[in-house]
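Enquirer: Here you go, entry_28.txt (compact mmCIF, C-alpha atoms and all ligand atoms):
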# COMPACT_ATOMS: atom_id res chain seq x y z
CA PRO Q 290 21.92 5.42 1.12
CA THR Q 291 18.26 6.21 1.60
CA THR Q 292 15.98 5.22 -1.23
CA SER Q 293 12.39 6.30 -1.34
CA PRO Q 294 9.78 3.54 -1.29
CA PRO Q 295 8.37 2.34 -4.60
CA LEU Q 296 5.14 4.32 -4.72
CA LYS Q 297 2.31 3.47 -7.06
CA SER Q 298 -1.01 5.12 -7.66
CA ALA Q 299 -4.47 3.80 -8.41
CA VAL Q 300 -7.73 5.54 -9.19
CA PHE Q 301 -11.26 4.36 -8.34
CA ALA Q 302 -14.75 5.81 -8.70
CA LEU Q 303 -17.31 4.59 -6.16
CA GLY Q 304 -19.89 7.27 -5.55
CA CYS Q 305 -19.48 10.63 -3.86
CA PHE Q 306 -15.75 11.31 -3.69
CA TRP Q 307 -15.85 12.77 -0.19
CA ARG Q 308 -16.58 9.28 1.00
CA SER Q 309 -14.34 7.50 -1.52
CA GLU Q 310 -11.34 9.38 -0.21
CA ALA Q 311 -12.17 8.33 3.33
CA VAL Q 312 -12.62 4.69 2.32
CA PHE Q 313 -8.94 4.38 1.31
CA GLY Q 314 -7.25 6.90 3.61
CA CYS Q 315 -6.83 4.67 6.65
CA LEU Q 316 -5.38 1.60 4.96
CA ASN Q 317 -1.92 0.55 5.99
CA GLY Q 318 0.34 1.35 3.04
CA VAL Q 319 -1.81 4.15 1.65
CA LEU Q 320 0.20 7.35 1.86
CA GLN Q 321 -1.82 9.97 0.03
CA THR Q 322 -5.33 10.45 -1.29
CA THR Q 323 -6.66 13.05 -3.70
CA VAL Q 324 -10.21 13.48 -4.99
CA GLY Q 325 -10.82 14.36 -8.60
CA TYR Q 326 -12.55 13.68 -11.88
CA ALA Q 327 -11.80 10.84 -14.28
CA GLY Q 328 -13.39 8.53 -16.79
CA GLY Q 329 -14.82 11.14 -19.11
CA SER Q 330 -13.68 13.26 -22.01
CA LYS Q 331 -14.28 16.82 -20.83
CA THR Q 332 -11.08 18.81 -20.35
CA ASN Q 333 -10.62 20.72 -17.11
CA PRO Q 334 -13.81 19.55 -15.41
CA GLU Q 335 -15.09 21.35 -12.32
CA TYR Q 336 -17.43 20.21 -9.59
CA ARG Q 337 -20.44 22.08 -10.98
CA SER Q 338 -19.63 21.12 -14.57
CA LEU Q 339 -17.82 17.83 -14.54
CA GLY Q 340 -19.25 16.71 -17.86
CA ASP Q 341 -19.04 12.97 -18.40
CA HIS Q 342 -16.48 12.33 -15.66
CA ALA Q 343 -17.01 10.32 -12.50
CA GLU Q 344 -16.12 11.51 -9.01
CA SER Q 345 -12.93 9.60 -8.26
CA VAL Q 346 -10.17 9.13 -5.77
CA GLN Q 347 -6.48 8.74 -6.51
CA VAL Q 348 -4.67 6.61 -3.98
CA VAL Q 349 -0.86 6.72 -3.66
CA TYR Q 350 0.40 3.56 -2.02
CA ASP Q 351 3.53 1.68 -1.05
CA GLU Q 352 3.31 -1.64 -2.80
CA ARG Q 353 5.50 -3.30 -0.20
CA LEU Q 354 2.65 -2.76 2.25
CA ILE Q 355 -0.49 -3.04 0.16
CA SER Q 356 -1.17 -4.42 -3.31
CA PHE Q 357 -3.48 -3.42 -6.14
CA ARG Q 358 -5.30 -6.69 -5.48
CA GLN Q 359 -5.98 -5.63 -1.88
CA LEU Q 360 -7.15 -2.21 -3.02
CA LEU Q 361 -9.59 -3.98 -5.33
CA GLU Q 362 -10.98 -5.92 -2.38
CA VAL Q 363 -11.53 -2.68 -0.51
CA PHE Q 364 -13.17 -1.19 -3.62
CA TRP Q 365 -15.66 -4.07 -3.85
CA SER Q 366 -16.40 -4.31 -0.16
CA SER Q 367 -17.01 -0.65 0.46
CA HIS Q 368 -19.80 0.34 -1.89
CA ASP Q 369 -22.83 -0.94 -3.72
CA TYR Q 370 -21.54 -1.64 -7.21
CA ARG Q 371 -24.85 -3.06 -8.43
CA GLN Q 372 -26.42 0.35 -8.85
CA VAL Q 373 -26.11 1.62 -12.36
CA PHE Q 374 -25.73 5.24 -11.45
CA GLY Q 375 -24.95 6.12 -7.95
CA GLN Q 376 -24.93 5.32 -4.30
CA GLY Q 377 -27.85 5.74 -1.96
CA PRO Q 378 -29.09 9.28 -2.23
CA ASP Q 379 -26.50 10.23 -4.82
CA VAL Q 380 -27.86 9.48 -8.25
CA GLY Q 381 -26.29 10.35 -11.56
CA ASN Q 382 -23.58 9.49 -14.00
CA GLN Q 383 -21.00 11.25 -11.83
CA TYR Q 384 -21.46 8.59 -9.13
CA ARG Q 385 -20.87 5.54 -11.32
CA SER Q 386 -18.53 2.79 -10.22
CA ILE Q 387 -15.21 2.37 -12.08
CA ILE Q 388 -11.89 0.62 -11.60
CA PHE Q 389 -9.23 2.52 -13.54
CA THR Q 390 -6.23 0.57 -14.76
CA ASN Q 391 -2.77 1.45 -16.01
CA GLY Q 392 -2.05 -1.57 -18.16
CA THR Q 393 -2.78 -5.18 -18.95
CA GLU Q 394 -1.82 -6.66 -15.58
CA GLU Q 395 -4.11 -4.32 -13.65
CA SER Q 396 -6.92 -4.89 -16.19
CA ARG Q 397 -6.52 -8.60 -15.73
CA LEU Q 398 -6.62 -8.37 -11.93
CA ALA Q 399 -9.65 -6.07 -12.14
CA SER Q 400 -11.52 -8.46 -14.47
CA VAL Q 401 -10.77 -11.44 -12.27
CA SER Q 402 -12.04 -9.61 -9.20
CA LYS Q 403 -15.14 -8.43 -11.05
CA GLY Q 404 -15.86 -11.98 -12.18
CA ARG Q 405 -15.59 -13.13 -8.59
CA GLU Q 406 -18.06 -10.48 -7.40
CA GLN Q 407 -20.44 -11.35 -10.20
CA THR Q 408 -20.49 -14.99 -9.07
CA LYS Q 409 -21.06 -13.95 -5.47
CA SER Q 410 -24.04 -11.72 -6.20
CA LYS Q 411 -25.83 -14.09 -8.53
CA SER Q 412 -29.17 -12.36 -8.72
CA SER Q 413 -27.86 -8.89 -9.43
CA ILE Q 414 -25.70 -7.30 -12.02
CA VAL Q 415 -22.29 -5.89 -11.24
CA THR Q 416 -22.32 -2.53 -12.97
CA ALA Q 417 -18.80 -1.45 -12.04
CA GLN Q 418 -16.77 -0.73 -15.15
CA ILE Q 419 -13.11 -1.33 -15.83
CA GLN Q 420 -11.32 1.19 -18.00
CA PRO Q 421 -7.84 2.50 -18.68
CA LEU Q 422 -7.11 5.70 -16.81
CA GLY Q 423 -6.92 8.73 -19.03
CA THR Q 424 -6.33 12.03 -17.28
CA PHE Q 425 -7.06 12.35 -13.60
CA TYR Q 426 -8.10 15.92 -12.84
CA PRO Q 427 -7.70 16.81 -9.15
CA ALA Q 428 -10.81 18.48 -7.74
CA GLU Q 429 -11.02 21.90 -6.12
CA PRO Q 430 -9.36 22.33 -2.70
CA GLU Q 431 -12.68 22.50 -0.86
CA HIS Q 432 -13.37 18.89 -1.86
CA GLN Q 433 -10.01 17.56 -0.67
CA LYS Q 434 -10.05 15.95 2.79
CA PHE Q 435 -13.65 17.08 3.05
CA GLU Q 436 -14.48 14.90 6.04
CA LEU Q 437 -11.44 16.10 7.97
CA LYS Q 438 -12.31 19.72 7.26
CA ARG Q 439 -15.65 19.23 8.98
CA ARG Q 440 -13.71 18.66 12.19
CA PRO Q 441 -11.77 21.85 12.95
CA VAL Q 442 -10.42 20.33 16.16
CA LEU Q 443 -8.59 17.68 14.14
CA LEU Q 444 -7.17 20.31 11.80
CA GLN Q 445 -6.02 22.26 14.82
CA LEU Q 446 -4.36 19.19 16.34
CA MET Q 447 -2.42 18.85 13.10
CA GLY Q 448 -1.24 22.42 13.41
CA ASN Q 449 -3.58 23.97 10.84
CA LEU Q 450 -1.41 23.00 7.90
CA PRO Q 451 -1.61 25.05 4.72
CA GLU Q 452 -3.83 23.49 2.06
CA GLU Q 453 -1.00 22.07 -0.09
CA GLU Q 454 0.56 20.33 2.88
CA LEU Q 455 -2.77 18.98 4.02
CA GLU Q 456 -3.37 17.52 0.56
CA ARG Q 457 -0.04 15.69 0.61
CA SER Q 458 -0.15 14.64 4.23
CA HIS Q 459 -0.24 10.97 5.13
CA LEU Q 460 -1.69 11.80 8.54
CA ALA Q 461 -4.41 13.93 6.96
CA ALA Q 462 -5.46 11.03 4.73
CA LYS Q 463 -5.78 8.85 7.80
CA LEU Q 464 -7.60 11.41 9.94
CA ASN Q 465 -9.94 12.16 7.04
CA SER Q 466 -10.94 8.53 7.15
CA TYR Q 467 -11.22 8.64 10.94
CA ALA Q 468 -13.47 11.71 10.71
CA ALA Q 469 -15.80 9.75 8.42
CA GLU Q 470 -15.64 6.78 10.79
CA LEU Q 471 -14.24 4.63 8.02
CA CYS Q 472 -11.07 3.40 9.70
CA PRO Q 473 -11.18 -0.23 10.86
CA PRO Q 474 -12.79 -0.32 14.36
CA ASN Q 475 -9.53 -1.01 16.22
CA ILE Q 476 -7.78 1.94 14.57
CA GLN Q 477 -10.82 4.14 14.99
CA LYS Q 478 -10.67 3.34 18.72
CA LYS Q 479 -6.93 3.87 18.97
CA ILE Q 480 -7.17 7.32 17.42
CA ASP Q 481 -10.13 8.19 19.69
CA VAL Q 482 -8.12 7.30 22.77
CA LYS Q 483 -5.09 9.21 21.63
CA ILE Q 484 -7.02 12.36 20.78
CA THR Q 485 -8.91 12.29 24.09
CA GLU Q 486 -5.59 11.89 25.86
CA ILE Q 487 -4.01 14.84 24.08
CA ILE Q 488 -6.98 17.09 24.71
CA LYS Q 489 -7.15 16.12 28.40
CA LYS Q 490 -3.44 16.48 28.95
CA GLY Q 491 -3.75 20.02 28.29
CA TRP Q 492 -4.44 22.49 25.81
CA PRO Q 493 -3.68 25.69 27.60
CA ILE Q 494 -6.99 27.12 28.66
CA LEU Q 495 -7.51 30.78 28.00
CA SER Q 496 -9.19 32.05 31.13
CA ASP Q 497 -8.54 35.74 31.22
CA LEU Q 498 -7.59 38.61 29.00
N1 LIG D 1 -25.19 14.19 -1.59
C1 LIG D 1 -23.90 14.78 -1.45
C2 LIG D 1 -23.09 14.72 -2.68
C3 LIG D 1 -21.74 15.28 -2.51
S1 LIG D 1 -20.59 14.39 -3.33
C4 LIG D 1 -19.19 15.33 -3.35
C5 LIG D 1 -24.07 16.19 -0.94
O1 LIG D 1 -24.12 16.33 0.25
O2 LIG D 1 -24.16 17.14 -1.71
O3 LIG D 1 -21.03 14.38 -4.72
Produce structure tokens that represent the structure in this file.
Ligand code: MHO
Expert:
Amino acid sequence: PTTSPPLKSAVFALGCFWRSEAVFGCLNGVLQTTVGYAGGSKTNPEYRSLGDHAESVQVVYDERLISFRQLLEVFWSSHDYRQVFGQGPDVGNQYRSIIFTNGTEESRLASVSKGREQTKSKSSIVTAQIQPLGTFYPAEPEHQKFELKRRPVLLQLMGNLPEEELERSHLAAKLNSYAAELCPPNIQKKIDVKITEIIKKGWPILSDL
């Protein structure tokens, strides 16, 4: 009998969510990514009025392939968590850094990892917060797979999937990361080669009408 893999989900806030989604999308074991709003109290937030929420990404993963602990490592290594509000040019409460947890074990793992980072960066303060996940509100479609959508050729290679399919697609999560150049270098290269190959091999060229 076929059983579906034990899927788990985790939510992180680490600056602009276009990038956050791309940070996690290429990891082995990550199956789906969705950007949204979390960490605040406003109901039904929207991009232009997100209230006290933070731009976040929800990551659906297969825990046989990747663990919460490993996701935490990626969280810490992929953004500047010493800034109180924001990343680089993006300043504001909506860009704050948060690890969301779903219970005591995840809170414990998050605290341990935060302690470790705090020891590493002695002179600066780790501002990332740890808090239980309340409601995760998915963001508007135009913010989902934002990096991928900037590359129409990639969308076309995927067969121009309807929005709902794109949002669920494992491949889209990966290519979104590739589009942002946030896959590990070897994977980035592998995808480059493959895409070049496909394009060379022959899209039918429209020469005459
Ligand atoms: N500085 C970014 C912020 C977008 S992110 C979804 C921009 O290009 O508007 O907050």
Enquirer: Per residue of segment 330-351 of chain Q within 12 Å of segment 461-467 of chain Q, which atom pair is closest and at what distance in Å (one decimal), using only C-alpha atoms, listed by chain and increasing number, as a Markdown table?
Expert:
| residue | atom | partner | partner_atom | distance |
| --- | --- | --- | --- | --- |
| Q:Val346 | CA | Q:Ala462 | CA | 11.7 |
| Q:Gln347 | CA | Q:Ala462 | CA | 11.5 |
| Q:Val348 | CA | Q:Ala462 | CA | 9.8 |
| Q:Val349 | CA | Q:Ala462 | CA | 10.5 |
| Q:Tyr350 | CA | Q:Ala462 | CA | 11.6 |
Enquirer: Taking 5 positions as the minimum chain separation for residues in the same chain, which residues sit within 8 Å of Ile355 of chain Q when counting only C-alpha atoms? Answer as an MDAnalysis selection string.
Expert: chainID Q and resid 317:319 350 360
Enquirer: Here is a test: counting all atoms listed in the file, which residue of Q:Lys490, Q:Lys483, Q:Arg308, Q:Arg353 is nearest to ligand LIG 1 (chain D)?
Expert: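 Answer, going by the shortest atom-to-atom distance: Q:Arg308.
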Enquirer: Mind running chain Q against ligand LIG 1 (chain D) at 9 Å and telling me each contacting residue's nearest atom pair with the distance in Å (one decimal), counting all atoms listed in the file, chain and number ascending, as JSON lines?
Expert:
{"residue": "Q:Gly304", "atom": "CA", "partner": "D:LIG1", "partner_atom": "O3", "distance": 7.2}
{"residue": "Q:Cys305", "atom": "CA", "partner": "D:LIG1", "partner_atom": "S1", "distance": 4.0}
{"residue": "Q:Phe306", "atom": "CA", "partner": "D:LIG1", "partner_atom": "C4", "distance": 5.3}
{"residue": "Q:Trp307", "atom": "CA", "partner": "D:LIG1", "partner_atom": "C4", "distance": 5.3}
{"residue": "Q:Arg308", "atom": "CA", "partner": "D:LIG1", "partner_atom": "S1", "distance": 7.8}
{"residue": "Q:Tyr336", "atom": "CA", "partner": "D:LIG1", "partner_atom": "C4", "distance": 8.1}
{"residue": "Q:Glu344", "atom": "CA", "partner": "D:LIG1", "partner_atom": "O3", "distance": 7.1}
{"residue": "Q:Gly377", "atom": "CA", "partner": "D:LIG1", "partner_atom": "N1", "distance": 8.9}
{"residue": "Q:Pro378", "atom": "CA", "partner": "D:LIG1", "partner_atom": "N1", "distance": 6.3}
{"residue": "Q:Asp379", "atom": "CA", "partner": "D:LIG1", "partner_atom": "N1", "distance": 5.3}
{"residue": "Q:Val380", "atom": "CA", "partner": "D:LIG1", "partner_atom": "N1", "distance": 8.6}
{"residue": "Q:Gln383", "atom": "CA", "partner": "D:LIG1", "partner_atom": "O3", "distance": 7.8}
{"residue": "Q:Tyr384", "atom": "CA", "partner": "D:LIG1", "partner_atom": "O3", "distance": 7.3}
{"residue": "Q:His432", "atom": "CA", "partner": "D:LIG1", "partner_atom": "C4", "distance": 7.0}
{"residue": "Q:Phe435", "atom": "CA", "partner": "D:LIG1", "partner_atom": "C4", "distance": 8.6}
Enquirer: With a distance cut-off of 9 Å and only C-alpha atoms, select the neighbouring residues of Pro430 of chain Q, excluding the residue or stretch itself and same-chain residues fewer than 2 positions from it, and output the selection as a ChimeraX atom specification.
Expert: /Q:427-428,432-435,452-453,456
Enquirer: Counting all atoms listed in the file, which residue out of Q:Cys472, Q:Ile484, Q:Leu446, Q:Ile388 sits closest to Ile419 of chain Q?
Expert: Q:Ile388
Enquirer: For a quick check of understanding, using only C-alpha atoms, which of Q:Cys315, Q:Lys403, Q:Ser293, Q:Met447 has the smallest distance to Gln477 of chain Q?
Expert: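 Closest to Gln477 of chain Q of all the choices is Q:Cys315.
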Enquirer: Given all atoms listed in the file as the basis, pick out the residue of Q:Ser410, Q:Ser309, Q:Thr332, Q:Asn449 nearest to Ile387 of chain Q.
Expert: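 For Ile387 of chain Q, the nearest of the given residues is Q:Ser309.
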Enquirer: Restricting the calculation to all atoms listed in the file, which member of Q:Gln359, Q:Asn382, Q:Thr390, Q:Thr323 is positioned closest to Ala299 of chain Q?
Expert: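 The answer is Q:Thr390, which sits nearest to Ala299 of chain Q.
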Enquirer: To one decimal place, how far is atom CA of Gly381 of chain Q from atom CA of Ala311 of chain Q in Å?
Expert: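 Distance reported for this atom pair: 20.6 Å.
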Enquirer: I want to know what sits within 8 Å of Lys331 of chain Q, based on all atoms listed in the file, with residues of the same chain fewer than 4 positions away left out; could you give that as number ranges by chain?
Expert: Q: 339-342
Enquirer: Determine the nearest neighbour of Asn333 of chain Q from the options Q:Leu444, Q:Glu436, Q:Leu354, Q:Glu429, counting only C-alpha atoms.
Expert: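 Of all the options, Q:Glu429 lies closest to Asn333 of chain Q.
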Enquirer: Please indicate the distance in Å from atom CA of Ser345 of chain Q to atom CA of Leu303 of chain Q, rounded to one decimal place.
Expert: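 Interatomic distance here is 7.0 Å.
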Enquirer: Which value, in Å to one decimal, gives the distance between atom CA of His459 of chain Q and atom CA of Ala399 of chain Q?
Expert: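 Answer for the atom CA of His459 of chain Q to atom CA of Ala399 of chain Q separation: 26.0 Å.
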Enquirer: In the coordinate frame of the file, compute which residues have an atom within 10 Å of (-17.0, -6.4, -1.9) when using only C-alpha atoms, and state them as a list in words.
Expert: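 Residues with an atom close enough to that point: Leu361, Glu362, Val363, Phe364, Trp365, Ser366, Ser367, His368, Asp369, Tyr370, Ser402, Lys403, Arg405, Glu406, Lys409 and Ser410 of chain Q.
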Enquirer: Find the residues around Asp481 of chain Q up to 12 Å (all atoms listed in the file counted), leave out those fewer than 6 positions away in its own chain, and share them as a list in words.
Expert: Leu443, Leu464, Tyr467, Ala468, Glu470, Cys472, Pro474, Asn475, Ile487 and Ile488 of chain Q
Enquirer: How about completing segment 431-442 of chain Q with all heavy atoms and giving it to me as a CSV table (one decimal), keeping the file's coordinate frame?
Expert:
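Contents of the output file result12.csv:
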chain,number,residue,atom,x,y,z
Q,431,GLU,N,-11.6,22.7,-1.9
Q,431,GLU,CA,-12.7,22.5,-0.9
Q,431,GLU,C,-13.2,21.1,-0.8
Q,431,GLU,O,-13.9,20.7,0.1
Q,431,GLU,CB,-13.8,23.5,-1.0
Q,431,GLU,CG,-14.6,23.4,-2.3
Q,431,GLU,CD,-14.1,24.3,-3.4
Q,431,GLU,OE1,-12.9,24.6,-3.5
Q,431,GLU,OE2,-15.0,24.8,-4.2
Q,432,HIS,N,-12.9,20.3,-1.9
Q,432,HIS,CA,-13.4,18.9,-1.9
Q,432,HIS,C,-12.3,17.9,-1.3
Q,432,HIS,O,-12.6,16.8,-1.1
Q,432,HIS,CB,-13.8,18.5,-3.3
Q,432,HIS,CG,-15.0,19.2,-3.7
Q,432,HIS,ND1,-16.2,19.0,-3.2
Q,432,HIS,CD2,-15.2,20.2,-4.7
Q,432,HIS,CE1,-17.1,19.8,-3.8
Q,432,HIS,NE2,-16.5,20.5,-4.7
Q,433,GLN,N,-11.1,18.4,-1.2
Q,433,GLN,CA,-10.0,17.6,-0.7
Q,433,GLN,C,-10.1,17.4,0.8
Q,433,GLN,O,-10.3,18.4,1.5
Q,433,GLN,CB,-8.6,18.2,-1.0
Q,433,GLN,CG,-8.4,18.5,-2.5
Q,433,GLN,CD,-8.4,17.3,-3.4
Q,433,GLN,OE1,-8.2,16.1,-3.0
Q,433,GLN,NE2,-8.7,17.5,-4.7
Q,434,LYS,N,-10.0,16.2,1.3
Q,434,LYS,CA,-10.0,16.0,2.8
Q,434,LYS,C,-11.3,16.6,3.4
Q,434,LYS,O,-11.3,17.2,4.5
Q,434,LYS,CB,-8.8,16.5,3.5
Q,434,LYS,CG,-7.5,16.0,2.9
Q,434,LYS,CD,-7.2,14.6,3.2
Q,434,LYS,CE,-6.0,14.0,2.6
Q,434,LYS,NZ,-5.8,14.2,1.1
Q,435,PHE,N,-12.4,16.4,2.7
Q,435,PHE,CA,-13.6,17.1,3.0
Q,435,PHE,C,-14.1,16.7,4.4
Q,435,PHE,O,-14.6,17.5,5.2
Q,435,PHE,CB,-14.7,16.7,2.0
Q,435,PHE,CG,-16.0,17.5,2.2
Q,435,PHE,CD1,-16.2,18.7,1.7
Q,435,PHE,CD2,-17.0,16.9,3.0
Q,435,PHE,CE1,-17.4,19.4,1.9
Q,435,PHE,CE2,-18.2,17.6,3.2
Q,435,PHE,CZ,-18.4,18.8,2.7
Q,436,GLU,N,-14.0,15.4,4.7
Q,436,GLU,CA,-14.5,14.9,6.0
Q,436,GLU,C,-13.6,15.5,7.2
Q,436,GLU,O,-14.2,15.8,8.2
Q,436,GLU,CB,-14.5,13.4,6.1
Q,436,GLU,CG,-15.4,12.7,5.0
Q,436,GLU,CD,-16.9,12.9,5.3
Q,436,GLU,OE1,-17.2,13.3,6.4
Q,436,GLU,OE2,-17.7,12.7,4.4
Q,437,LEU,N,-12.4,15.5,7.0
Q,437,LEU,CA,-11.4,16.1,8.0
Q,437,LEU,C,-11.7,17.6,8.2
Q,437,LEU,O,-11.8,18.1,9.4
Q,437,LEU,CB,-10.0,15.9,7.5
Q,437,LEU,CG,-8.9,16.5,8.3
Q,437,LEU,CD1,-8.9,16.0,9.7
Q,437,LEU,CD2,-7.5,16.3,7.6
Q,438,LYS,N,-12.0,18.3,7.1
Q,438,LYS,CA,-12.3,19.7,7.3
Q,438,LYS,C,-13.6,20.0,8.0
Q,438,LYS,O,-13.8,21.2,8.4
Q,438,LYS,CB,-12.3,20.4,5.9
Q,438,LYS,CG,-10.9,20.5,5.3
Q,438,LYS,CD,-11.0,21.0,3.9
Q,438,LYS,CE,-9.6,21.1,3.3
Q,438,LYS,NZ,-9.6,21.2,1.8
Q,439,ARG,N,-14.5,19.0,8.2
Q,439,ARG,CA,-15.6,19.2,9.0
Q,439,ARG,C,-15.3,19.1,10.5
Q,439,ARG,O,-16.2,19.3,11.3
Q,439,ARG,CB,-16.7,18.1,8.7
Q,439,ARG,CG,-17.3,18.2,7.3
Q,439,ARG,CD,-17.9,16.9,7.0
Q,439,ARG,NE,-19.4,17.0,7.0
Q,439,ARG,CZ,-20.1,16.2,6.2
Q,439,ARG,NH1,-19.6,15.3,5.4
Q,439,ARG,NH2,-21.4,16.4,6.2
Q,440,ARG,N,-14.1,18.8,10.8
Q,440,ARG,CA,-13.7,18.7,12.2
Q,440,ARG,C,-12.5,19.6,12.5
Q,440,ARG,O,-11.4,19.1,12.5
Q,440,ARG,CB,-13.3,17.2,12.5
Q,440,ARG,CG,-14.4,16.2,12.1
Q,440,ARG,CD,-15.4,15.9,13.2
Q,440,ARG,NE,-14.7,15.4,14.4
Q,440,ARG,CZ,-14.6,14.0,14.6
Q,440,ARG,NH1,-15.0,13.2,13.7
Q,440,ARG,NH2,-14.0,13.6,15.7
Q,441,PRO,N,-12.8,20.9,12.7
Q,441,PRO,CA,-11.8,21.8,13.0
Q,441,PRO,C,-10.8,21.5,14.1
Q,441,PRO,O,-9.6,21.8,14.0
Q,441,PRO,CB,-12.5,23.1,13.3
Q,441,PRO,CG,-13.9,22.9,12.8
Q,441,PRO,CD,-14.2,21.4,12.8
Q,442,VAL,N,-11.3,20.7,15.1
Q,442,VAL,CA,-10.4,20.3,16.2
Q,442,VAL,C,-9.3,19.4,15.6
Q,442,VAL,O,-8.1,19.6,16.0
Q,442,VAL,CB,-11.2,19.6,17.3
Q,442,VAL,CG1,-10.3,19.0,18.3
Q,442,VAL,CG2,-12.2,20.5,17.9
